[in-house]
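Below is data_9.txt, holding compact mmCIF, C-alpha atoms (C1' of nucleotides).
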```txt
# COMPACT_ATOMS: atom_id res chain seq x y z
CA MET G 1 -12.78 71.60 143.91
CA SER G 2 -11.03 71.02 140.63
CA GLY G 3 -12.89 68.53 138.42
CA ARG G 4 -11.93 64.90 138.63
CA GLU G 5 -8.21 64.47 138.71
CA PRO G 6 -6.31 61.64 137.01
CA ALA G 7 -5.09 58.76 139.15
CA LEU G 8 -1.60 60.11 139.59
CA GLU G 9 0.71 58.30 141.90
CA VAL G 10 4.01 59.34 143.34
CA ARG G 11 6.85 56.92 142.86
CA SER G 12 10.45 57.02 143.95
CA LYS G 13 13.45 54.85 144.26
CA ILE G 14 16.95 54.78 145.58
CA TRP G 15 20.01 53.06 144.22
CA LEU G 16 23.78 53.07 144.21
CA GLU G 17 26.01 54.32 141.46
CA ILE G 18 29.67 54.34 140.71
CA ASP G 19 31.00 56.78 138.15
CA GLY G 20 27.46 57.54 137.13
CA GLU G 21 26.69 53.91 136.37
CA PRO G 22 24.14 52.01 138.43
CA VAL G 23 25.54 49.12 140.45
CA PHE G 24 22.93 48.28 143.00
CA GLY G 25 19.18 48.61 142.96
CA GLU G 26 15.92 46.87 143.58
CA GLY G 27 16.38 44.03 141.11
CA ARG G 28 20.01 43.29 141.79
CA GLU G 29 19.31 43.27 145.49
CA GLU G 30 16.68 40.58 145.12
CA LEU G 31 18.91 38.61 142.82
CA LEU G 32 21.78 38.54 145.27
CA ARG G 33 19.45 37.63 148.09
CA LEU G 34 18.20 34.66 146.11
CA VAL G 35 21.72 33.64 145.15
CA ARG G 36 22.64 33.58 148.80
CA LYS G 37 19.56 31.58 149.60
CA ASN G 38 19.86 29.06 146.80
CA GLY G 39 23.59 28.82 146.25
CA SER G 40 23.02 29.13 142.54
CA ILE G 41 22.65 31.93 140.02
CA ASN G 42 20.56 29.65 137.91
CA ALA G 43 18.10 28.81 140.66
CA ALA G 44 17.93 32.45 141.70
CA ALA G 45 17.05 33.47 138.17
CA ARG G 46 14.35 30.84 137.93
CA GLU G 47 12.83 31.95 141.19
CA MET G 48 12.91 35.56 140.08
CA GLY G 49 11.30 34.69 136.79
CA ILE G 50 14.09 36.12 134.68
CA PRO G 51 16.30 34.27 132.19
CA TYR G 52 19.64 33.06 133.48
CA ARG G 53 21.34 35.15 130.85
CA LYS G 54 19.99 38.33 132.36
CA ALA G 55 20.94 37.37 135.88
CA TRP G 56 24.47 36.57 134.78
CA THR G 57 24.73 39.90 132.99
CA TYR G 58 23.67 41.69 136.17
CA VAL G 59 26.30 39.95 138.24
CA ASP G 60 28.99 40.49 135.65
CA ALA G 61 28.25 44.21 135.35
CA MET G 62 28.21 44.63 139.10
CA GLU G 63 31.60 43.06 139.46
CA LYS G 64 33.12 45.08 136.65
CA ARG G 65 31.97 48.29 138.27
CA LEU G 66 32.57 47.46 141.87
CA GLY G 67 35.98 46.01 141.22
CA PHE G 68 35.60 43.12 143.61
CA PRO G 69 33.98 39.69 143.31
CA VAL G 70 30.28 39.72 144.10
CA VAL G 71 29.40 36.10 143.50
CA VAL G 72 32.01 33.40 144.02
CA ARG G 73 31.17 30.86 141.38
CA ARG G 74 32.37 27.43 140.50
CA LYS G 75 31.32 25.65 137.38
CA GLY G 76 31.39 21.89 137.23
CA GLY G 77 31.71 19.63 140.19
CA THR G 78 29.05 18.36 142.51
CA GLY G 79 25.62 19.48 141.44
CA GLY G 80 27.15 20.96 138.29
CA GLY G 81 28.44 23.98 140.12
CA VAL G 82 27.72 26.34 142.94
CA SER G 83 27.65 30.05 143.64
CA THR G 84 27.90 31.94 146.89
CA LEU G 85 28.01 35.58 147.81
CA SER G 86 31.34 37.13 148.54
CA PRO G 87 31.65 38.60 152.04
CA GLN G 88 31.87 42.09 150.61
CA ALA G 89 28.72 41.55 148.58
CA ALA G 90 26.89 40.18 151.58
CA ALA G 91 27.84 43.23 153.61
CA LEU G 92 26.79 45.57 150.83
CA LEU G 93 23.52 43.72 150.48
CA ASP G 94 22.62 44.16 154.13
CA LYS G 95 23.70 47.75 154.14
CA PHE G 96 21.61 48.55 151.11
CA HIS G 97 18.66 46.73 152.56
CA ARG G 98 18.68 48.97 155.61
CA LEU G 99 19.12 52.05 153.47
CA LYS G 100 16.19 51.13 151.27
CA LYS G 101 14.01 50.31 154.22
CA ASP G 102 14.62 53.68 155.83
CA PHE G 103 14.14 55.41 152.53
CA ASN G 104 10.85 53.70 151.80
CA GLY G 105 9.48 54.36 155.22
CA LEU G 106 10.38 57.99 155.01
CA VAL G 107 8.99 58.51 151.56
CA ASN G 108 5.79 56.63 152.18
CA ARG G 109 5.03 58.58 155.31
CA LYS G 110 5.95 61.86 153.80
CA PHE G 111 4.61 61.88 150.30
CA LEU G 112 2.27 59.14 149.33
CA ARG G 113 -0.53 60.45 151.50
CA LEU G 114 -0.31 64.08 150.54
CA GLY G 115 -3.14 63.60 148.10
CA PHE G 116 -1.09 64.59 145.16
CA MET N 117 39.20 48.99 158.80
CA SER N 118 38.03 47.40 155.59
CA GLY N 119 40.49 48.16 152.79
CA ARG N 120 39.75 51.04 150.45
CA GLU N 121 36.13 51.22 149.47
CA PRO N 122 34.88 52.02 145.98
CA ALA N 123 33.47 55.49 145.32
CA LEU N 124 29.86 54.50 145.78
CA GLU N 125 27.25 57.19 145.73
CA VAL N 126 23.64 57.09 146.74
CA ARG N 127 21.18 58.31 144.16
CA SER N 128 17.44 58.64 144.21
CA LYS N 129 14.64 60.20 142.30
CA ILE N 130 10.96 60.83 142.42
CA TRP N 131 8.45 60.92 139.61
CA LEU N 132 4.78 60.61 138.80
CA GLU N 133 3.06 57.67 137.20
CA ILE N 134 -0.34 56.88 135.90
CA ASP N 135 -1.31 53.26 135.42
CA GLY N 136 2.30 52.28 135.95
CA GLU N 137 3.50 54.52 133.14
CA PRO N 138 5.75 57.49 133.89
CA VAL N 139 4.20 60.88 133.11
CA PHE N 140 6.29 63.40 134.92
CA GLY N 141 9.91 63.41 135.91
CA GLU N 142 13.11 65.38 135.90
CA GLY N 143 13.44 65.80 132.14
CA ARG N 144 9.82 66.54 131.38
CA GLU N 145 9.73 69.07 134.15
CA GLU N 146 12.62 71.00 132.66
CA LEU N 147 11.12 70.77 129.22
CA LEU N 148 7.81 72.25 130.33
CA ARG N 149 9.58 74.96 132.23
CA LEU N 150 11.49 75.93 129.11
CA VAL N 151 8.36 75.80 126.99
CA ARG N 152 6.72 78.22 129.38
CA LYS N 153 9.74 80.46 129.28
CA ASN N 154 10.26 80.42 125.53
CA GLY N 155 6.75 79.96 124.18
CA SER N 156 8.06 77.29 121.85
CA ILE N 157 8.67 73.56 121.99
CA ASN N 158 11.35 73.98 119.40
CA ALA N 159 13.26 76.63 121.34
CA ALA N 160 12.87 74.63 124.54
CA ALA N 161 14.35 71.58 122.88
CA ARG N 162 17.27 73.56 121.53
CA GLU N 163 17.98 75.04 124.93
CA MET N 164 17.81 71.61 126.50
CA GLY N 165 20.12 70.18 123.89
CA ILE N 166 17.71 67.50 122.75
CA PRO N 167 16.22 67.04 119.27
CA TYR N 168 12.82 68.58 118.67
CA ARG N 169 11.47 65.17 117.80
CA LYS N 170 12.21 63.89 121.26
CA ALA N 171 10.66 66.88 122.97
CA TRP N 172 7.53 66.52 120.93
CA THR N 173 7.31 62.82 121.76
CA TYR N 174 7.56 63.68 125.46
CA VAL N 175 4.73 66.16 125.25
CA ASP N 176 2.59 63.85 123.18
CA ALA N 177 3.04 60.94 125.60
CA MET N 178 2.28 63.13 128.58
CA GLU N 179 -0.95 64.31 127.08
CA LYS N 180 -2.05 60.83 126.09
CA ARG N 181 -1.53 59.59 129.62
CA LEU N 182 -2.78 62.58 131.53
CA GLY N 183 -5.85 62.97 129.38
CA PHE N 184 -5.71 66.74 129.23
CA PRO N 185 -3.76 69.20 127.08
CA VAL N 186 -0.33 69.98 128.45
CA VAL N 187 0.97 72.34 125.81
CA VAL N 188 -1.40 74.50 123.83
CA ARG N 189 0.19 74.71 120.42
CA ARG N 190 -0.48 76.60 117.25
CA LYS N 191 1.35 75.88 114.05
CA GLY N 192 1.71 78.56 111.42
CA GLY N 193 1.06 82.23 111.93
CA THR N 194 3.34 84.87 113.31
CA GLY N 195 6.74 83.51 114.07
CA GLY N 196 5.74 80.20 112.51
CA GLY N 197 3.79 79.13 115.54
CA VAL N 198 3.67 79.31 119.29
CA SER N 199 3.24 77.03 122.28
CA THR N 200 2.16 77.78 125.80
CA LEU N 201 1.51 75.67 128.85
CA SER N 202 -2.04 74.79 129.67
CA PRO N 203 -3.21 76.00 133.09
CA GLN N 204 -3.44 72.44 134.36
CA ALA N 205 0.08 71.71 133.21
CA ALA N 206 1.37 74.87 134.83
CA ALA N 207 -0.26 73.89 138.11
CA LEU N 208 1.13 70.37 137.90
CA LEU N 209 4.55 71.74 137.13
CA ASP N 210 4.63 73.92 140.22
CA LYS N 211 3.23 71.19 142.39
CA PHE N 212 5.82 68.73 141.20
CA HIS N 213 8.55 71.27 141.67
CA ARG N 214 7.68 71.66 145.34
CA LEU N 215 7.39 67.92 145.75
CA LYS N 216 10.80 67.34 144.24
CA LYS N 217 12.36 70.08 146.26
CA ASP N 218 11.08 68.63 149.51
CA PHE N 219 12.10 65.18 148.43
CA ASN N 220 15.61 66.21 147.53
CA GLY N 221 16.08 68.14 150.73
CA LEU N 222 14.90 65.22 152.76
CA VAL N 223 17.07 62.72 150.98
CA ASN N 224 20.15 64.87 151.04
CA ARG N 225 19.88 65.56 154.74
CA LYS N 226 19.05 62.03 155.62
CA PHE N 227 21.10 59.79 153.42
CA LEU N 228 23.85 61.35 151.42
CA ARG N 229 25.99 62.09 154.46
CA LEU N 230 25.71 58.74 156.08
CA GLY N 231 29.01 57.68 154.60
CA PHE N 232 27.63 54.77 152.74
C1' DG F 233 39.69 6.90 133.68
C1' DA F 234 35.60 7.52 131.02
C1' DT F 235 30.82 9.12 131.44
C1' DG F 236 26.86 11.68 133.17
C1' DC F 237 25.02 15.61 135.24
C1' DG F 238 23.71 20.36 136.25
C1' DT F 239 25.86 24.41 136.70
C1' DT F 240 28.54 28.49 134.90
C1' DA F 241 29.93 30.99 130.71
C1' DT F 242 29.43 32.90 126.16
C1' DA F 243 28.20 33.36 121.37
C1' DC F 244 24.65 34.67 118.42
C1' DC F 245 20.27 35.88 116.48
C1' DA F 246 15.68 38.24 117.18
C1' DA F 247 12.82 41.72 118.91
C1' DA F 248 12.05 46.12 120.64
C1' DA F 249 13.02 50.65 121.71
C1' DA F 250 15.45 54.92 121.00
C1' DC F 251 17.46 58.09 117.78
C1' DG F 252 17.60 61.37 113.93
C1' DC F 253 16.88 62.98 109.57
C1' DA F 254 13.66 64.45 106.13
C1' DT F 255 9.46 66.38 104.88
C1' DA F 256 4.69 67.85 105.13
C1' DA F 257 1.19 71.03 107.19
C1' DC F 258 0.07 75.37 108.77
C1' DG F 259 -1.13 80.42 109.01
C1' DC F 260 0.18 85.19 109.42
C1' DG F 261 2.97 89.11 107.51
C1' DG F 262 4.74 91.31 103.88
C1' DC Z 263 0.54 84.56 96.99
C1' DC Z 264 5.07 83.77 98.71
C1' DG Z 265 8.33 83.32 102.56
C1' DC Z 266 9.25 82.09 107.09
C1' DG Z 267 9.63 79.41 111.31
C1' DT Z 268 7.02 76.57 113.96
C1' DT Z 269 4.34 72.26 114.78
C1' DA Z 270 3.56 67.49 113.17
C1' DT Z 271 4.83 63.00 111.45
C1' DG Z 272 6.75 59.39 108.53
C1' DC Z 273 10.53 56.29 108.10
C1' DG Z 274 15.04 54.24 107.95
C1' DT Z 275 19.06 53.66 111.14
C1' DT Z 276 21.20 52.71 115.23
C1' DT Z 277 21.39 51.08 119.84
C1' DT Z 278 19.70 48.36 123.48
C1' DT Z 279 17.49 44.49 125.30
C1' DG Z 280 15.82 39.74 125.29
C1' DG Z 281 16.10 34.87 124.57
C1' DT Z 282 17.86 30.69 122.66
C1' DA Z 283 21.51 27.59 121.76
C1' DT Z 284 25.88 25.77 122.80
C1' DA Z 285 30.37 25.21 124.94
C1' DA Z 286 33.24 24.61 129.19
C1' DC Z 287 33.80 22.67 133.53
C1' DG Z 288 34.77 19.38 137.43
C1' DC Z 289 33.12 16.15 140.84
C1' DA Z 290 30.65 11.61 141.55
C1' DT Z 291 29.72 7.46 140.03
C1' DC Z 292 30.71 3.50 137.82
```

As structure tokens:
Amino acid sequence: MSGREPALEVRSKIWLEIDGEPVFGEGREELLRLVRKNGSINAAAREMGIPYRKAWTYVDAMEKRLGFPVVVRRKGGTGGGVSTLSPQAAALLDKFHRLKKDFNGLVNRKFLRLGF
Amino acid sequence: MSGREPALEVRSKIWLEIDGEPVFGEGREELLRLVRKNGSINAAAREMGIPYRKAWTYVDAMEKRLGFPVVVRRKGGTGGGVSTLSPQAAALLDKFHRLKKDFNGLVNRKFLRLGF
DNA sequence: GATGCGTTATACCAAAAACGCATAACGCGG
DNA sequence: CCGCGTTATGCGTTTTTGGTATAACGCATC
């Protein structure tokens, strides 16, 4: 009815904050998942295609804001070092995963097909 | 059962993109609303508490991406100039407002009380 | 007990983006 | 034709982000 409309698309996202600062979102979630899988921040960063520096900054910021260890890391030793998720971080990761899944399902069903 | 938990809060937002670039979100919505109300980009910026430069950049970027005029502006003349919303922009504004309202209602009911 | 290795950790420089001030352009009213 | 307040834009500054280089570390091996 109205001339051709631009290819607008609706986007949305959900994340966690603490004191107004983001602590947990899409990217950090994937990072932690890969750390758990690989036992290494370095390997996780490589697999994500981001520089190690950035990954480390993510982890550091998360810990500062959350106030508890997120990644238990050891430098040196066998293999040069190793990193594992803290139990609290693992729990948070799973919790957030469920939250995001519900959220995405809801939003996709509800909005993306409304022909905006 | 688990010691004291940090004051995590769930946040989310919705916006419009075109070719992966954001065109319409919280801030731009308010800006356009104030432009409509005041008939001036300048006054809208003042009321929003952002520099005029920034407001103008917003409008300019929106128009470049949307491909149609968003704010019909005239410089010079009575009062120094005047700006009004284009009909298309006004329609988009209302549409987005409803979308956001639904979205927020949904999210608030569904997630924010789940005691994350 | 010295050395090698691959990781964590951090310093530092470069690039990019955001910010803000200054100034030009404009057109109607007086 | 001058003043006024708005739109429009150039440009230097500041802040953020990105990426490279280098140090610190500790176990295994020799």

Pull out every residue of chain F that has at least one atom within 9 Å of chain N, counting only C-alpha atoms (C1' of nucleotides), and report them as a VMD selection string.
-> chain F and resid 251 to 252 257 to 261

Dump as a compact mmCIF listing (two decimals) with C-alpha atoms, in the coordinates of the input the residues of chain G that approach chain N to within 7 Å, counting only C-alpha atoms.
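What landed in result_1.txt:
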```txt
# COMPACT_ATOMS: atom_id res chain seq x y z
CA PRO G 6 -6.31 61.64 137.01
CA ALA G 7 -5.09 58.76 139.15
CA LEU G 8 -1.60 60.11 139.59
CA GLU G 9 0.71 58.30 141.90
CA VAL G 10 4.01 59.34 143.34
CA ARG G 11 6.85 56.92 142.86
CA SER G 12 10.45 57.02 143.95
CA LYS G 13 13.45 54.85 144.26
CA ILE G 14 16.95 54.78 145.58
CA TRP G 15 20.01 53.06 144.22
CA LEU G 16 23.78 53.07 144.21
CA GLU G 17 26.01 54.32 141.46
CA ILE G 18 29.67 54.34 140.71
CA LEU G 66 32.57 47.46 141.87
```

Identify every residue of chain Z that has at least one atom within 10 Å of any atom of chain N, counting all atoms listed in the file, and report the result as a ChimeraX atom specification.
-> /Z:266-271

Residue selection dump (C-alpha atoms (C1' of nucleotides)) as a compact mmCIF listing (two decimals), keeping the file's coordinate frame:
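Output below, filename result.txt:
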```txt
# COMPACT_ATOMS: atom_id res chain seq x y z
C1' DC Z 266 9.25 82.09 107.09
C1' DG Z 267 9.63 79.41 111.31
C1' DT Z 268 7.02 76.57 113.96
C1' DT Z 269 4.34 72.26 114.78
C1' DA Z 270 3.56 67.49 113.17
C1' DT Z 271 4.83 63.00 111.45
```

Can you move chain N onto chain G by a least-squares fit over all C-alpha atoms paired in order, then give me the moved copy as a tab-separated table (two decimals) with C-alpha atoms, keeping the file's coordinate frame?
```
chain	number	residue	atom	x	y	z
N	117	MET	CA	-13.18	71.89	143.31
N	118	SER	CA	-11.22	71.03	140.21
N	119	GLY	CA	-13.06	68.38	138.19
N	120	ARG	CA	-12.05	64.76	138.61
N	121	GLU	CA	-8.33	64.30	138.80
N	122	PRO	CA	-6.41	61.49	137.12
N	123	ALA	CA	-5.16	58.61	139.26
N	124	LEU	CA	-1.68	59.98	139.70
N	125	GLU	CA	0.66	58.19	142.02
N	126	VAL	CA	3.96	59.27	143.44
N	127	ARG	CA	6.83	56.87	142.94
N	128	SER	CA	10.43	57.00	144.00
N	129	LYS	CA	13.45	54.82	144.28
N	130	ILE	CA	16.95	54.77	145.57
N	131	TRP	CA	20.00	53.06	144.16
N	132	LEU	CA	23.77	53.08	144.16
N	133	GLU	CA	26.02	54.35	141.42
N	134	ILE	CA	29.67	54.37	140.69
N	135	ASP	CA	31.00	56.82	138.14
N	136	GLY	CA	27.45	57.57	137.09
N	137	GLU	CA	26.73	53.93	136.33
N	138	PRO	CA	24.14	52.03	138.37
N	139	VAL	CA	25.56	49.14	140.41
N	140	PHE	CA	22.93	48.29	142.93
N	141	GLY	CA	19.20	48.62	142.87
N	142	GLU	CA	15.93	46.86	143.50
N	143	GLY	CA	16.40	44.02	141.03
N	144	ARG	CA	20.03	43.29	141.75
N	145	GLU	CA	19.32	43.27	145.44
N	146	GLU	CA	16.68	40.59	145.05
N	147	LEU	CA	18.91	38.60	142.76
N	148	LEU	CA	21.77	38.55	145.25
N	149	ARG	CA	19.42	37.65	148.04
N	150	LEU	CA	18.17	34.68	146.05
N	151	VAL	CA	21.69	33.64	145.12
N	152	ARG	CA	22.58	33.59	148.79
N	153	LYS	CA	19.49	31.60	149.57
N	154	ASN	CA	19.80	29.08	146.76
N	155	GLY	CA	23.55	28.84	146.24
N	156	SER	CA	22.99	29.14	142.52
N	157	ILE	CA	22.66	31.94	139.99
N	158	ASN	CA	20.58	29.66	137.86
N	159	ALA	CA	18.09	28.82	140.60
N	160	ALA	CA	17.93	32.47	141.63
N	161	ALA	CA	17.09	33.49	138.09
N	162	ARG	CA	14.39	30.86	137.83
N	163	GLU	CA	12.84	31.96	141.09
N	164	MET	CA	12.93	35.56	139.96
N	165	GLY	CA	11.36	34.67	136.65
N	166	ILE	CA	14.17	36.11	134.56
N	167	PRO	CA	16.41	34.27	132.09
N	168	TYR	CA	19.73	33.04	133.42
N	169	ARG	CA	21.50	35.11	130.81
N	170	LYS	CA	20.12	38.29	132.26
N	171	ALA	CA	21.02	37.36	135.81
N	172	TRP	CA	24.54	36.55	134.78
N	173	THR	CA	24.86	39.86	132.95
N	174	TYR	CA	23.74	41.67	136.11
N	175	VAL	CA	26.35	39.95	138.22
N	176	ASP	CA	29.06	40.47	135.65
N	177	ALA	CA	28.32	44.20	135.34
N	178	MET	CA	28.24	44.63	139.09
N	179	GLU	CA	31.62	43.05	139.50
N	180	LYS	CA	33.18	45.07	136.70
N	181	ARG	CA	31.99	48.29	138.28
N	182	LEU	CA	32.56	47.46	141.91
N	183	GLY	CA	35.99	46.02	141.29
N	184	PHE	CA	35.59	43.12	143.67
N	185	PRO	CA	33.97	39.69	143.36
N	186	VAL	CA	30.28	39.71	144.13
N	187	VAL	CA	29.41	36.09	143.55
N	188	VAL	CA	31.98	33.39	144.08
N	189	ARG	CA	31.16	30.81	141.45
N	190	ARG	CA	32.36	27.36	140.60
N	191	LYS	CA	31.33	25.60	137.45
N	192	GLY	CA	31.35	21.83	137.28
N	193	GLY	CA	31.58	19.51	140.24
N	194	THR	CA	28.86	18.27	142.50
N	195	GLY	CA	25.49	19.48	141.41
N	196	GLY	CA	27.06	20.98	138.30
N	197	GLY	CA	28.38	23.96	140.16
N	198	VAL	CA	27.66	26.34	142.98
N	199	SER	CA	27.61	30.06	143.68
N	200	THR	CA	27.83	31.95	146.92
N	201	LEU	CA	27.96	35.60	147.82
N	202	SER	CA	31.30	37.12	148.58
N	203	PRO	CA	31.60	38.61	152.07
N	204	GLN	CA	31.82	42.11	150.65
N	205	ALA	CA	28.70	41.57	148.59
N	206	ALA	CA	26.85	40.19	151.58
N	207	ALA	CA	27.79	43.25	153.61
N	208	LEU	CA	26.76	45.59	150.82
N	209	LEU	CA	23.50	43.75	150.45
N	210	ASP	CA	22.57	44.19	154.09
N	211	LYS	CA	23.67	47.78	154.12
N	212	PHE	CA	21.60	48.58	151.07
N	213	HIS	CA	18.65	46.76	152.52
N	214	ARG	CA	18.66	49.00	155.58
N	215	LEU	CA	19.15	52.07	153.44
N	216	LYS	CA	16.20	51.18	151.25
N	217	LYS	CA	14.03	50.36	154.18
N	218	ASP	CA	14.68	53.71	155.81
N	219	PHE	CA	14.19	55.45	152.51
N	220	ASN	CA	10.89	53.77	151.81
N	221	GLY	CA	9.59	54.43	155.28
N	222	LEU	CA	10.52	58.05	155.03
N	223	VAL	CA	8.99	58.52	151.63
N	224	ASN	CA	5.81	56.69	152.45
N	225	ARG	CA	5.22	58.67	155.61
N	226	LYS	CA	6.10	61.94	154.05
N	227	PHE	CA	4.76	61.95	150.55
N	228	LEU	CA	2.41	59.21	149.58
N	229	ARG	CA	-0.40	60.50	151.78
N	230	LEU	CA	-0.22	64.08	150.76
N	231	GLY	CA	-3.02	63.58	148.29
N	232	PHE	CA	-1.05	64.62	145.32
```

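Separating atom CA of Ala177 of chain N from atom C1' of DC273 of chain Z is a distance of 19.6 Å.
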
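Residues with any atom within 12 Å of Leu34 of chain G, counting all atoms listed in the file and excluding same-chain neighbours fewer than 5 positions away, are Gly27, Arg28, Glu29, Gly39, Ser40, Ile41, Asn42, Ala43, Ala44, Ala45, Arg46, Glu47, Met48, Gly49, Ala55, Val71, Ser83, Thr84, Leu85, Ala90 and Leu93 of chain G.
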
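In this structure, atom C1' of DG238 of chain F sits 18.5 Å away from atom CA of Ile50 of chain G.
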
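For the pair atom CA of Arg98 of chain G and atom CA of Thr57 of chain G, the separation is 25.1 Å.
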
Using all atoms listed in the file, give me every residue within 9 Å of (25.0, 27.6, 123.3) in file coordinates, as an NGL selection string.
-> (:F and (242-244)) or (:Z and (282-285))

Restricting it to C-alpha atoms (C1' of nucleotides), dump the selection as a PDB file, keeping the file's coordinate frame.
```
ATOM      1  C1'  DT F 242      29.430  32.900 126.160  1.00  0.00           C
ATOM      2  C1'  DA F 243      28.200  33.360 121.370  1.00  0.00           C
ATOM      3  C1'  DC F 244      24.650  34.670 118.420  1.00  0.00           C
TER       4       DC F 244
ATOM      5  C1'  DT Z 282      17.860  30.690 122.660  1.00  0.00           C
ATOM      6  C1'  DA Z 283      21.510  27.590 121.760  1.00  0.00           C
ATOM      7  C1'  DT Z 284      25.880  25.770 122.800  1.00  0.00           C
ATOM      8  C1'  DA Z 285      30.370  25.210 124.940  1.00  0.00           C
TER       9       DA Z 285
END
```

Since the input has fewer atoms than a full residue there, write segment 11-26 of chain G out with N, CA, C and O atoms, as a compact mmCIF listing (two decimals), in the frame of the given file.
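Final output, saved to rebuild.txt:
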```txt
# COMPACT_ATOMS: atom_id res chain seq x y z
N ARG G 11 5.94 58.06 142.74
CA ARG G 11 6.85 56.92 142.86
C ARG G 11 8.27 57.44 143.08
O ARG G 11 8.62 58.55 142.68
N SER G 12 9.07 56.63 143.72
CA SER G 12 10.45 57.02 143.95
C SER G 12 11.30 55.79 144.17
O SER G 12 10.78 54.72 144.48
N LYS G 13 12.56 55.96 143.96
CA LYS G 13 13.45 54.85 144.26
C LYS G 13 14.84 55.33 144.59
O LYS G 13 15.21 56.48 144.32
N ILE G 14 15.60 54.44 145.17
CA ILE G 14 16.95 54.78 145.58
C ILE G 14 17.88 53.68 145.09
O ILE G 14 17.49 52.52 145.03
N TRP G 15 19.08 54.06 144.71
CA TRP G 15 20.01 53.06 144.22
C TRP G 15 21.44 53.55 144.39
O TRP G 15 21.65 54.69 144.80
N LEU G 16 22.38 52.71 144.07
CA LEU G 16 23.78 53.07 144.21
C LEU G 16 24.43 53.16 142.84
O LEU G 16 24.17 52.34 141.97
N GLU G 17 25.29 54.16 142.72
CA GLU G 17 26.01 54.32 141.46
C GLU G 17 27.51 54.37 141.72
O GLU G 17 27.96 54.63 142.83
N ILE G 18 28.23 54.13 140.66
CA ILE G 18 29.67 54.34 140.71
C ILE G 18 30.08 54.90 139.36
O ILE G 18 29.80 54.31 138.32
N ASP G 19 30.66 56.07 139.38
CA ASP G 19 31.00 56.78 138.15
C ASP G 19 29.78 57.01 137.27
O ASP G 19 29.86 56.88 136.05
N GLY G 20 28.66 57.27 137.90
CA GLY G 20 27.46 57.54 137.13
C GLY G 20 26.75 56.32 136.57
O GLY G 20 25.73 56.42 135.92
N GLU G 21 27.32 55.14 136.85
CA GLU G 21 26.69 53.91 136.37
C GLU G 21 26.04 53.18 137.54
O GLU G 21 26.66 53.03 138.60
N PRO G 22 24.81 52.71 137.35
CA PRO G 22 24.14 52.01 138.43
C PRO G 22 24.81 50.68 138.75
O PRO G 22 25.21 49.95 137.86
N VAL G 23 24.95 50.40 140.05
CA VAL G 23 25.54 49.12 140.45
C VAL G 23 24.64 48.32 141.37
O VAL G 23 24.81 47.11 141.50
N PHE G 24 23.71 49.00 142.00
CA PHE G 24 22.93 48.28 143.00
C PHE G 24 21.55 48.90 143.11
O PHE G 24 21.43 50.08 143.43
N GLY G 25 20.54 48.11 142.85
CA GLY G 25 19.18 48.61 142.96
C GLY G 25 18.24 47.51 143.39
O GLY G 25 18.67 46.46 143.85
N GLU G 26 16.98 47.80 143.19
CA GLU G 26 15.92 46.87 143.58
C GLU G 26 16.15 45.45 143.06
O GLU G 26 16.25 44.50 143.83
```
